[in-house]
$ cat query.pdb   # PDB, C-alpha atoms and all ligand atoms
ATOM      1  CA  MET R   6       0.000   0.000   0.000  1.00  0.00           C
ATOM      2  CA  ILE R   7       1.309   3.461  -0.860  1.00  0.00           C
ATOM      3  CA  SER R   8       0.971   5.822   2.023  1.00  0.00           C
ATOM      4  CA  ASP R   9       1.462   9.511   2.289  1.00  0.00           C
ATOM      5  CA  TYR R  10       4.795   9.825   4.026  1.00  0.00           C
ATOM      6  CA  ILE R  11       8.239  10.906   2.826  1.00  0.00           C
ATOM      7  CA  LEU R  12      11.011   8.584   3.962  1.00  0.00           C
ATOM      8  CA  VAL R  13      14.088  10.547   5.026  1.00  0.00           C
ATOM      9  CA  VAL R  14      17.209   8.372   5.210  1.00  0.00           C
ATOM     10  CA  GLU R  15      19.895  10.444   6.900  1.00  0.00           C
ATOM     11  CA  ASP R  16      22.308   9.653   9.733  1.00  0.00           C
ATOM     12  CA  ASP R  17      23.555  13.175  10.394  1.00  0.00           C
ATOM     13  CA  GLU R  18      21.619  14.283  13.479  1.00  0.00           C
ATOM     14  CA  GLN R  19      21.517  17.980  12.572  1.00  0.00           C
ATOM     15  CA  ILE R  20      20.610  17.603   8.922  1.00  0.00           C
ATOM     16  CA  ALA R  21      17.983  14.974   9.769  1.00  0.00           C
ATOM     17  CA  HIS R  22      16.384  17.301  12.300  1.00  0.00           C
ATOM     18  CA  PHE R  23      16.412  20.168   9.813  1.00  0.00           C
ATOM     19  CA  LEU R  24      14.894  18.014   7.054  1.00  0.00           C
ATOM     20  CA  VAL R  25      12.108  16.696   9.264  1.00  0.00           C
ATOM     21  CA  ALA R  26      11.268  20.214  10.479  1.00  0.00           C
ATOM     22  CA  SER R  27      11.308  21.711   6.962  1.00  0.00           C
ATOM     23  CA  LEU R  28       9.190  18.945   5.479  1.00  0.00           C
ATOM     24  CA  SER R  29       6.658  19.159   8.300  1.00  0.00           C
ATOM     25  CA  ALA R  30       6.442  22.926   7.865  1.00  0.00           C
ATOM     26  CA  ALA R  31       5.718  22.347   4.168  1.00  0.00           C
ATOM     27  CA  LYS R  32       2.811  20.025   5.155  1.00  0.00           C
ATOM     28  CA  HIS R  33       4.591  16.808   4.247  1.00  0.00           C
ATOM     29  CA  LEU R  34       4.700  13.802   6.511  1.00  0.00           C
ATOM     30  CA  PRO R  35       8.359  12.915   7.111  1.00  0.00           C
ATOM     31  CA  LYS R  36       9.546   9.666   8.668  1.00  0.00           C
ATOM     32  CA  LEU R  37      13.188   9.388   9.650  1.00  0.00           C
ATOM     33  CA  ALA R  38      15.482   6.391   9.199  1.00  0.00           C
ATOM     34  CA  LYS R  39      19.079   6.739  10.383  1.00  0.00           C
ATOM     35  CA  SER R  40      20.495   3.666   8.685  1.00  0.00           C
ATOM     36  CA  LEU R  41      19.858   1.249   5.838  1.00  0.00           C
ATOM     37  CA  GLU R  42      18.415  -1.166   8.362  1.00  0.00           C
ATOM     38  CA  GLU R  43      15.905   1.389   9.659  1.00  0.00           C
ATOM     39  CA  ALA R  44      15.030   2.406   6.093  1.00  0.00           C
ATOM     40  CA  ASN R  45      14.287  -1.206   5.213  1.00  0.00           C
ATOM     41  CA  LYS R  46      12.072  -1.529   8.253  1.00  0.00           C
ATOM     42  CA  CYS R  47      10.030   1.533   7.188  1.00  0.00           C
ATOM     43  CA  LEU R  48       9.762   0.243   3.614  1.00  0.00           C
ATOM     44  CA  ALA R  49       8.516  -3.131   4.799  1.00  0.00           C
ATOM     45  CA  GLU R  50       5.780  -1.453   6.831  1.00  0.00           C
ATOM     46  CA  ASN R  51       4.539   1.052   4.253  1.00  0.00           C
ATOM     47  CA  THR R  52       5.515   2.350   0.833  1.00  0.00           C
ATOM     48  CA  PRO R  53       6.378   6.058   0.964  1.00  0.00           C
ATOM     49  CA  LYS R  54       5.322   8.579  -1.673  1.00  0.00           C
ATOM     50  CA  LEU R  55       8.952   9.708  -1.997  1.00  0.00           C
ATOM     51  CA  MET R  56      12.370   9.049  -0.459  1.00  0.00           C
ATOM     52  CA  ILE R  57      15.159  11.488   0.384  1.00  0.00           C
ATOM     53  CA  LEU R  58      18.394   9.562   0.647  1.00  0.00           C
ATOM     54  CA  ASP R  59      21.837  10.311   2.007  1.00  0.00           C
ATOM     55  CA  LEU R  60      24.528   8.142   0.404  1.00  0.00           C
ATOM     56  CA  GLY R  61      26.968   7.805   3.326  1.00  0.00           C
ATOM     57  CA  LEU R  62      25.179   5.743   5.952  1.00  0.00           C
ATOM     58  CA  PRO R  63      26.629   3.949   9.003  1.00  0.00           C
ATOM     59  CA  ASP R  64      25.732   0.473   7.800  1.00  0.00           C
ATOM     60  CA  GLY R  65      26.375   0.826   4.096  1.00  0.00           C
ATOM     61  CA  ASP R  66      26.090   2.808   0.891  1.00  0.00           C
ATOM     62  CA  GLY R  67      22.800   4.522   0.035  1.00  0.00           C
ATOM     63  CA  LYS R  68      23.338   3.555  -3.612  1.00  0.00           C
ATOM     64  CA  ASP R  69      22.678  -0.076  -2.699  1.00  0.00           C
ATOM     65  CA  LEU R  70      19.311   0.964  -1.314  1.00  0.00           C
ATOM     66  CA  ILE R  71      18.426   2.707  -4.598  1.00  0.00           C
ATOM     67  CA  GLN R  72      19.192  -0.459  -6.492  1.00  0.00           C
ATOM     68  CA  GLN R  73      17.206  -2.579  -4.079  1.00  0.00           C
ATOM     69  CA  VAL R  74      14.197  -0.214  -4.029  1.00  0.00           C
ATOM     70  CA  ARG R  75      14.038  -0.019  -7.819  1.00  0.00           C
ATOM     71  CA  LYS R  76      13.497  -3.772  -8.095  1.00  0.00           C
ATOM     72  CA  GLN R  77      10.181  -3.296  -6.329  1.00  0.00           C
ATOM     73  CA  TYR R  78       9.009   0.321  -6.263  1.00  0.00           C
ATOM     74  CA  ASP R  79       8.487   3.353  -8.528  1.00  0.00           C
ATOM     75  CA  PHE R  80       8.292   6.136  -5.948  1.00  0.00           C
ATOM     76  CA  PRO R  81      10.685   9.065  -6.578  1.00  0.00           C
ATOM     77  CA  ILE R  82      14.098   9.098  -4.909  1.00  0.00           C
ATOM     78  CA  ILE R  83      16.017  12.313  -4.308  1.00  0.00           C
ATOM     79  CA  VAL R  84      19.645  11.808  -3.315  1.00  0.00           C
ATOM     80  CA  LEU R  85      21.158  14.246  -0.883  1.00  0.00           C
ATOM     81  CA  SER R  86      24.863  13.865  -0.574  1.00  0.00           C
ATOM     82  CA  ALA R  87      27.962  15.537   0.735  1.00  0.00           C
ATOM     83  CA  ARG R  88      29.973  13.786  -1.910  1.00  0.00           C
ATOM     84  CA  GLN R  89      30.802  16.343  -4.502  1.00  0.00           C
ATOM     85  CA  GLU R  90      32.097  14.038  -7.189  1.00  0.00           C
ATOM     86  CA  GLU R  91      30.228  14.196 -10.433  1.00  0.00           C
ATOM     87  CA  GLN R  92      30.743  10.444 -10.772  1.00  0.00           C
ATOM     88  CA  GLU R  93      28.703   9.711  -7.600  1.00  0.00           C
ATOM     89  CA  LYS R  94      25.835  11.707  -8.981  1.00  0.00           C
ATOM     90  CA  ILE R  95      25.878   9.867 -12.300  1.00  0.00           C
ATOM     91  CA  VAL R  96      26.003   6.484 -10.577  1.00  0.00           C
ATOM     92  CA  ALA R  97      23.094   7.381  -8.270  1.00  0.00           C
ATOM     93  CA  LEU R  98      20.971   8.592 -11.185  1.00  0.00           C
ATOM     94  CA  ASN R  99      21.854   5.493 -13.179  1.00  0.00           C
ATOM     95  CA  GLU R 100      20.830   3.261 -10.283  1.00  0.00           C
ATOM     96  CA  GLY R 101      17.387   4.836 -10.442  1.00  0.00           C
ATOM     97  CA  ALA R 102      17.443   8.039  -8.379  1.00  0.00           C
ATOM     98  CA  ASP R 103      15.209  10.770  -9.820  1.00  0.00           C
ATOM     99  CA  ASP R 104      17.158  13.762  -8.645  1.00  0.00           C
ATOM    100  CA  TYR R 105      20.331  14.740  -6.801  1.00  0.00           C
ATOM    101  CA  LEU R 106      21.223  17.620  -4.498  1.00  0.00           C
ATOM    102  CA  SER R 107      24.663  18.284  -2.998  1.00  0.00           C
ATOM    103  CA  LYS R 108      25.052  19.377   0.612  1.00  0.00           C
ATOM    104  CA  PRO R 109      24.846  22.088   1.724  1.00  0.00           C
ATOM    105  CA  PHE R 110      21.511  22.446  -0.031  1.00  0.00           C
ATOM    106  CA  ASN R 111      18.880  25.118  -0.163  1.00  0.00           C
ATOM    107  CA  VAL R 112      15.704  23.846   1.484  1.00  0.00           C
ATOM    108  CA  GLN R 113      13.427  25.816  -0.875  1.00  0.00           C
ATOM    109  CA  GLU R 114      15.139  24.135  -3.801  1.00  0.00           C
ATOM    110  CA  LEU R 115      14.691  20.735  -2.195  1.00  0.00           C
ATOM    111  CA  LEU R 116      10.971  21.403  -1.617  1.00  0.00           C
ATOM    112  CA  ALA R 117      10.554  22.561  -5.216  1.00  0.00           C
ATOM    113  CA  ARG R 118      12.236  19.403  -6.503  1.00  0.00           C
ATOM    114  CA  ILE R 119      10.052  17.250  -4.255  1.00  0.00           C
ATOM    115  CA  ASN R 120       6.993  18.896  -5.784  1.00  0.00           C
ATOM    116  CA  VAL R 121       8.253  18.308  -9.316  1.00  0.00           C
ATOM    117  CA  CYS R 122       8.807  14.613  -8.559  1.00  0.00           C
ATOM    118  CA  LEU R 123       5.395  14.225  -6.930  1.00  0.00           C
ATOM    119  CA  ARG R 124       3.609  15.994  -9.780  1.00  0.00           C
ATOM    120  CA  ARG R 125       5.274  13.641 -12.235  1.00  0.00           C
ATOM    121  CA  THR R 126       4.111  10.517 -10.392  1.00  0.00           C
ATOM    122  CA  GLN R 127       0.628  11.953 -10.006  1.00  0.00           C
ATOM    123  CA  LYS R 128       0.397  12.539 -13.739  1.00  0.00           C
ATOM    124  CA  MET R 129       1.600   9.024 -14.414  1.00  0.00           C
ATOM    125  CA  SER R 130      -0.985   7.407 -12.169  1.00  0.00           C
ATOM    126  CA  MET R 131      -3.651   9.680 -13.661  1.00  0.00           C
ATOM    127  CA  ARG R 132      -2.873   8.243 -17.078  1.00  0.00           C
ATOM    128  CA  ASP R 133      -3.723   4.706 -16.074  1.00  0.00           C
ATOM    129  CA  GLN R 134      -6.627   5.685 -13.921  1.00  0.00           C
ATOM    130  CA  CYS R 135      -9.992   4.009 -14.073  1.00  0.00           C
ATOM    131  CA  TYR R 136     -13.033   5.120 -12.159  1.00  0.00           C
ATOM    132  CA  GLN R 137     -15.735   2.706 -11.255  1.00  0.00           C
ATOM    133  CA  TYR R 138     -18.878   3.686  -9.435  1.00  0.00           C
ATOM    134  CA  LYS R 139     -21.827   1.329  -9.312  1.00  0.00           C
ATOM    135  CA  ASP R 140     -22.333   0.134 -12.934  1.00  0.00           C
ATOM    136  CA  LEU R 141     -20.355   2.947 -14.526  1.00  0.00           C
ATOM    137  CA  LEU R 142     -16.725   2.402 -15.520  1.00  0.00           C
ATOM    138  CA  ILE R 143     -14.637   5.258 -16.897  1.00  0.00           C
ATOM    139  CA  ASP R 144     -11.227   4.339 -18.268  1.00  0.00           C
ATOM    140  CA  ILE R 145      -9.373   7.622 -18.685  1.00  0.00           C
ATOM    141  CA  SER R 146      -6.318   6.233 -20.481  1.00  0.00           C
ATOM    142  CA  ALA R 147      -8.356   4.264 -23.017  1.00  0.00           C
ATOM    143  CA  GLY R 148     -11.014   7.001 -23.258  1.00  0.00           C
ATOM    144  CA  LEU R 149     -13.679   4.354 -22.679  1.00  0.00           C
ATOM    145  CA  VAL R 150     -16.972   4.601 -20.841  1.00  0.00           C
ATOM    146  CA  LYS R 151     -18.888   1.466 -20.003  1.00  0.00           C
ATOM    147  CA  LEU R 152     -22.191   0.898 -18.317  1.00  0.00           C
ATOM    148  CA  LYS R 153     -22.665  -2.668 -17.082  1.00  0.00           C
ATOM    149  CA  ASP R 154     -19.910  -3.770 -19.508  1.00  0.00           C
ATOM    150  CA  ASN R 155     -21.593  -2.137 -22.510  1.00  0.00           C
ATOM    151  CA  GLU R 156     -19.570   0.585 -24.155  1.00  0.00           C
ATOM    152  CA  ILE R 157     -21.335   3.926 -24.220  1.00  0.00           C
ATOM    153  CA  HIS R 158     -20.727   6.157 -27.226  1.00  0.00           C
ATOM    154  CA  LEU R 159     -20.353   9.778 -26.297  1.00  0.00           C
ATOM    155  CA  SER R 160     -19.976  12.886 -28.433  1.00  0.00           C
ATOM    156  CA  PRO R 161     -16.667  14.760 -27.969  1.00  0.00           C
ATOM    157  CA  ILE R 162     -18.386  17.356 -25.769  1.00  0.00           C
ATOM    158  CA  GLU R 163     -20.138  14.737 -23.642  1.00  0.00           C
ATOM    159  CA  HIS R 164     -16.848  12.889 -23.341  1.00  0.00           C
ATOM    160  CA  LYS R 165     -14.969  16.009 -22.202  1.00  0.00           C
ATOM    161  CA  LEU R 166     -17.706  16.839 -19.743  1.00  0.00           C
ATOM    162  CA  LEU R 167     -17.698  13.372 -18.196  1.00  0.00           C
ATOM    163  CA  MET R 168     -13.881  13.163 -17.990  1.00  0.00           C
ATOM    164  CA  LEU R 169     -13.719  16.551 -16.295  1.00  0.00           C
ATOM    165  CA  LEU R 170     -16.295  15.552 -13.700  1.00  0.00           C
ATOM    166  CA  ALA R 171     -14.872  12.041 -13.228  1.00  0.00           C
ATOM    167  CA  THR R 172     -11.332  13.210 -12.480  1.00  0.00           C
ATOM    168  CA  LYS R 173     -12.671  15.267  -9.561  1.00  0.00           C
ATOM    169  CA  PRO R 174     -15.237  12.964  -7.966  1.00  0.00           C
ATOM    170  CA  GLY R 175     -17.357  14.698  -5.370  1.00  0.00           C
ATOM    171  CA  LYS R 176     -16.252  18.160  -6.454  1.00  0.00           C
ATOM    172  CA  ILE R 177     -18.978  20.692  -7.219  1.00  0.00           C
ATOM    173  CA  PHE R 178     -18.470  22.651 -10.430  1.00  0.00           C
ATOM    174  CA  SER R 179     -20.457  25.789 -11.118  1.00  0.00           C
ATOM    175  CA  GLN R 180     -22.158  26.115 -14.510  1.00  0.00           C
ATOM    176  CA  ARG R 181     -19.741  28.890 -15.401  1.00  0.00           C
ATOM    177  CA  GLN R 182     -16.743  26.728 -14.502  1.00  0.00           C
ATOM    178  CA  LEU R 183     -17.951  23.883 -16.689  1.00  0.00           C
ATOM    179  CA  LEU R 184     -18.786  26.188 -19.585  1.00  0.00           C
ATOM    180  CA  SER R 185     -15.403  27.838 -19.367  1.00  0.00           C
ATOM    181  CA  GLU R 186     -13.487  24.525 -19.099  1.00  0.00           C
ATOM    182  CA  ILE R 187     -15.298  22.791 -21.947  1.00  0.00           C
ATOM    183  CA  TRP R 188     -16.361  25.533 -24.343  1.00  0.00           C
ATOM    184  CA  GLY R 189     -14.068  28.408 -23.374  1.00  0.00           C
ATOM    185  CA  SER R 190     -14.272  31.518 -21.241  1.00  0.00           C
ATOM    186  CA  GLU R 191     -16.398  33.410 -23.789  1.00  0.00           C
ATOM    187  CA  TYR R 192     -19.225  30.889 -23.255  1.00  0.00           C
ATOM    188  CA  VAL R 193     -19.654  31.235 -19.479  1.00  0.00           C
ATOM    189  CA  ASP R 194     -23.156  32.685 -19.836  1.00  0.00           C
ATOM    190  CA  ASP R 195     -24.463  30.159 -22.374  1.00  0.00           C
ATOM    191  CA  THR R 196     -26.003  27.886 -19.772  1.00  0.00           C
ATOM    192  CA  HIS R 197     -28.343  26.311 -22.331  1.00  0.00           C
ATOM    193  CA  TYR R 198     -25.293  24.594 -23.918  1.00  0.00           C
ATOM    194  CA  LEU R 199     -24.585  22.923 -20.646  1.00  0.00           C
ATOM    195  CA  ARG R 200     -28.214  21.995 -20.036  1.00  0.00           C
ATOM    196  CA  ILE R 201     -28.536  20.350 -23.450  1.00  0.00           C
ATOM    197  CA  HIS R 202     -25.281  18.369 -23.327  1.00  0.00           C
ATOM    198  CA  MET R 203     -25.662  17.409 -19.704  1.00  0.00           C
ATOM    199  CA  GLY R 204     -29.180  16.194 -20.524  1.00  0.00           C
ATOM    200  CA  ARG R 205     -27.855  14.015 -23.351  1.00  0.00           C
ATOM    201  CA  LEU R 206     -25.030  12.686 -21.212  1.00  0.00           C
ATOM    202  CA  ARG R 207     -27.434  11.795 -18.419  1.00  0.00           C
ATOM    203  CA  ALA R 208     -29.782  10.118 -20.872  1.00  0.00           C
ATOM    204  CA  LYS R 209     -26.886   7.863 -21.896  1.00  0.00           C
ATOM    205  CA  ILE R 210     -25.530   6.908 -18.496  1.00  0.00           C
ATOM    206  CA  GLU R 211     -28.301   7.350 -15.947  1.00  0.00           C
ATOM    207  CA  LYS R 212     -31.065   4.787 -15.571  1.00  0.00           C
ATOM    208  CA  VAL R 213     -33.589   7.515 -14.811  1.00  0.00           C
ATOM    209  CA  SER R 214     -32.428  10.961 -15.984  1.00  0.00           C
ATOM    210  CA  SER R 215     -34.598  12.752 -13.456  1.00  0.00           C
ATOM    211  CA  GLU R 216     -33.095  10.682 -10.620  1.00  0.00           C
ATOM    212  CA  PRO R 217     -29.385  10.722 -11.460  1.00  0.00           C
ATOM    213  CA  GLU R 218     -26.947   8.433  -9.610  1.00  0.00           C
ATOM    214  CA  TYR R 219     -23.714   9.610 -11.201  1.00  0.00           C
ATOM    215  CA  LEU R 220     -24.020  13.223 -12.265  1.00  0.00           C
ATOM    216  CA  LEU R 221     -25.689  15.113  -9.470  1.00  0.00           C
ATOM    217  CA  THR R 222     -26.908  18.670  -9.536  1.00  0.00           C
ATOM    218  CA  GLU R 223     -26.342  20.795  -6.483  1.00  0.00           C
ATOM    219  CA  LEU R 224     -28.905  23.582  -6.316  1.00  0.00           C
ATOM    220  CA  GLY R 225     -27.489  27.075  -6.141  1.00  0.00           C
TER     221      GLY R 225
HETATM  222 CA    CA O   1      25.801  10.562   6.105  1.00  0.00          CA
END

$ encode --input "query.pdb" --output "structure tokens"
Amino acid sequence: MISDYILVVEDDEQIAHFLVASLSAAKHLPKLAKSLEEANKCLAENTPKLMILDLGLPDGDGKDLIQQVRKQYDFPIIVLSARQEEQEKIVALNEGADDYLSKPFNVQELLARINVCLRRTQKMSMRDQCYQYKDLLIDISAGLVKLKDNEIHLSPIEHKLLMLLATKPGKIFSQRQLLSEIWGSEYVDDTHYLRIHMGRLRAKIEKVSSEPEYLLTELG
């Protein structure tokens, strides 16, 4: 199971403390491991969303952990190392690290790089995302919509509308937001467009259009 924490593997007391404090302040959930052994324990319990890794650890080389992790996991790894040699950096990246920062590092830069890595993984998982709710299956990557295993044919507008709503389940969109996202900002007042296409979409996927299960209208 992938959980929401960032695994920080760092044996230097001061740097570890600073990393944990900075990550917490940036609303991340850091978990500290001070050795390869502790890191392995954390990994066995829960898969992190990202790992920050020091290379010089008391019980071994961080590069071995990269190699080991990559056999099993895809989460991003950012190497943080005092070793200045260009060669170290190349080896770490070749082993499967996603990014590399040399100590001393700028914490704002580290946070920015964490965000870049996380955005990338989010996009990747979005691409193979499927949504299933009751009898409705929406396969974003294949662009398929099925109702009880029967493929539903949607017009391009209906398709865009459904994908937009499906990628944010439970979110309320205003009519203006939907019009602007699908048709463009110059159409925000053309609510009849939305009414017509939403009506057609509901007719295709809802059992009873007047009692929708999937596409709900929130009054006001
Ligand atoms: Ca170290």

$ residues_near_ligand --input "query.pdb" --ligand "ligand CA 1 (chain O)" --cutoff "7 Å" --atoms "all atoms listed in the file" --output "PyMOL selection string"
chain R and resi 15-17+59-62

$ residues_near_point --input "query.pdb" --point "(-8.6, 6.2, -18.2)" --cutoff "9 Å" --atoms "all atoms listed in the file" --output "list in words"
Met131, Arg132, Asp133, Gln134, Cys135, Tyr136, Ile143, Asp144, Ile145, Ser146, Ala147, Gly148, Leu149, Val150 and Met168 of chain R

$ resolve_selection --input "query.pdb" --expression "the PyMOL selection byres (((chain R and resi 38) around 10) and not hetatm)" --output "PyMOL selection string"
chain R and resi 12-16+21+35-37+39-47+58

$ atom_distance --input "query.pdb" --atom1 "atom CA of R:Asp69" --atom2 "atom CA of R:Ala49"
16.3 Å

$ atom_distance --input "query.pdb" --atom1 "atom CA of R:Glu90" --atom2 "atom CA of R:Asp103"
17.4 Å

$ atom_distance --input "query.pdb" --atom1 "atom CA of R:Lys151" --atom2 "atom CA of R:Thr172"
15.9 Å

$ resolve_selection --input "query.pdb" --expression "the PyMOL selection byres (((chain R and resi 55) around 8) and not hetatm)" --output "PyMOL selection string"
chain R and resi 10-12+53-54+56-57+80-83+119+123

$ resolve_selection --input "query.pdb" --expression "the PyMOL selection byres (((chain R and resi 162) around 10) and not hetatm)" --output "mmCIF file with C-alpha atoms, in the coordinates of the input"
data_model
loop_
_atom_site.group_PDB
_atom_site.id
_atom_site.type_symbol
_atom_site.label_atom_id
_atom_site.label_comp_id
_atom_site.auth_asym_id
_atom_site.auth_seq_id
_atom_site.Cartn_x
_atom_site.Cartn_y
_atom_site.Cartn_z
ATOM 1 C CA LEU R 159 -20.353 9.778 -26.297
ATOM 2 C CA SER R 160 -19.976 12.886 -28.433
ATOM 3 C CA PRO R 161 -16.667 14.760 -27.969
ATOM 4 C CA GLU R 163 -20.138 14.737 -23.642
ATOM 5 C CA HIS R 164 -16.848 12.889 -23.341
ATOM 6 C CA LYS R 165 -14.969 16.009 -22.202
ATOM 7 C CA LEU R 166 -17.706 16.839 -19.743
ATOM 8 C CA LEU R 167 -17.698 13.372 -18.196
ATOM 9 C CA MET R 168 -13.881 13.163 -17.990
ATOM 10 C CA ILE R 187 -15.298 22.791 -21.947
ATOM 11 C CA TRP R 188 -16.361 25.533 -24.343
ATOM 12 C CA LEU R 199 -24.585 22.923 -20.646
ATOM 13 C CA HIS R 202 -25.281 18.369 -23.327
ATOM 14 C CA MET R 203 -25.662 17.409 -19.704
ATOM 15 C CA LEU R 206 -25.030 12.686 -21.212
#

$ closest_residue --input "query.pdb" --among "R:Tyr138, R:Phe23, R:Phe178, R:Tyr198" --to "R:Gly225" --atoms "all atoms listed in the file"
R:Phe178

$ residues_around --input "query.pdb" --residues "R:Asp79" --least-positions-apart "4" --cutoff "12 Å" --atoms "all atoms listed in the file" --output "list in words"
Ile7, Thr52, Pro53, Lys54, Leu55, Met56, Ile71, Gln72, Gln73, Val74, Arg75, Gly101, Ala102, Asp103, Cys122, Leu123, Arg125, Thr126, Gln127, Met129 and Ser130 of chain R

$ closest_residue --input "query.pdb" --among "R:Ser29, R:Ser86, R:Ser179, R:Asn111" --to "R:Thr222" --atoms "all atoms listed in the file"
R:Ser179

$ residues_around --input "query.pdb" --residues "stretch 190-196 of chain R" --least-positions-apart "3" --cutoff "7 Å" --atoms "all atoms listed in the file" --output "mmCIF file with C-alpha atoms, in the coordinates of the input"
data_model
loop_
_atom_site.group_PDB
_atom_site.id
_atom_site.type_symbol
_atom_site.label_atom_id
_atom_site.label_comp_id
_atom_site.auth_asym_id
_atom_site.auth_seq_id
_atom_site.Cartn_x
_atom_site.Cartn_y
_atom_site.Cartn_z
ATOM 1 C CA GLN R 180 -22.158 26.115 -14.510
ATOM 2 C CA ARG R 181 -19.741 28.890 -15.401
ATOM 3 C CA LEU R 184 -18.786 26.188 -19.585
ATOM 4 C CA SER R 185 -15.403 27.838 -19.367
ATOM 5 C CA LEU R 199 -24.585 22.923 -20.646
ATOM 6 C CA ARG R 200 -28.214 21.995 -20.036
#

$ residues_around --input "query.pdb" --residues "stretch 91-94 of chain R" --least-positions-apart "6" --cutoff "9 Å" --atoms "only C-alpha atoms" --output "list in words"
Val84, Asp104, Tyr105, Leu106 and Ser107 of chain R

$ axis_aligned_box --input "query.pdb" --around "stretch 90-106 of chain R" --padding-each-side "6 Å" --output "lines of an AutoDock Vina configuration file"
center_x = 23.7
center_y = 10.4
center_z = -8.8
size_x = 28.9
size_y = 26.4
size_z = 20.7

$ closest_residue --input "query.pdb" --among "R:Ile177, R:Val25, R:Leu98, R:Leu220" --to "R:Leu141" --atoms "all atoms listed in the file"
R:Leu220

$ residues_around --input "query.pdb" --residues "R:Glu216" --least-positions-apart "5" --cutoff "10 Å" --atoms "only C-alpha atoms" --output "list in words"
Arg207, Glu211 and Leu221 of chain R

$ closest_residue --input "query.pdb" --among "R:Glu156, R:Tyr219, R:Gly65, R:Val213" --to "R:Gln137" --atoms "all atoms listed in the file"
R:Tyr219

$ decode --input "query.pdb" --residues "stretch 139-150 of chain R" --atoms "C-alpha atoms" --output "PDB file, in the first residue's frame"
ATOM      1  CA  LYS R 139     -21.827   1.329  -9.312  1.00  0.00           C
ATOM      2  CA  ASP R 140     -22.333   0.134 -12.934  1.00  0.00           C
ATOM      3  CA  LEU R 141     -20.355   2.947 -14.526  1.00  0.00           C
ATOM      4  CA  LEU R 142     -16.725   2.402 -15.520  1.00  0.00           C
ATOM      5  CA  ILE R 143     -14.637   5.258 -16.897  1.00  0.00           C
ATOM      6  CA  ASP R 144     -11.227   4.339 -18.268  1.00  0.00           C
ATOM      7  CA  ILE R 145      -9.373   7.622 -18.685  1.00  0.00           C
ATOM      8  CA  SER R 146      -6.318   6.233 -20.481  1.00  0.00           C
ATOM      9  CA  ALA R 147      -8.356   4.264 -23.017  1.00  0.00           C
ATOM     10  CA  GLY R 148     -11.014   7.001 -23.258  1.00  0.00           C
ATOM     11  CA  LEU R 149     -13.679   4.354 -22.679  1.00  0.00           C
ATOM     12  CA  VAL R 150     -16.972   4.601 -20.841  1.00  0.00           C
TER      13      VAL R 150
END
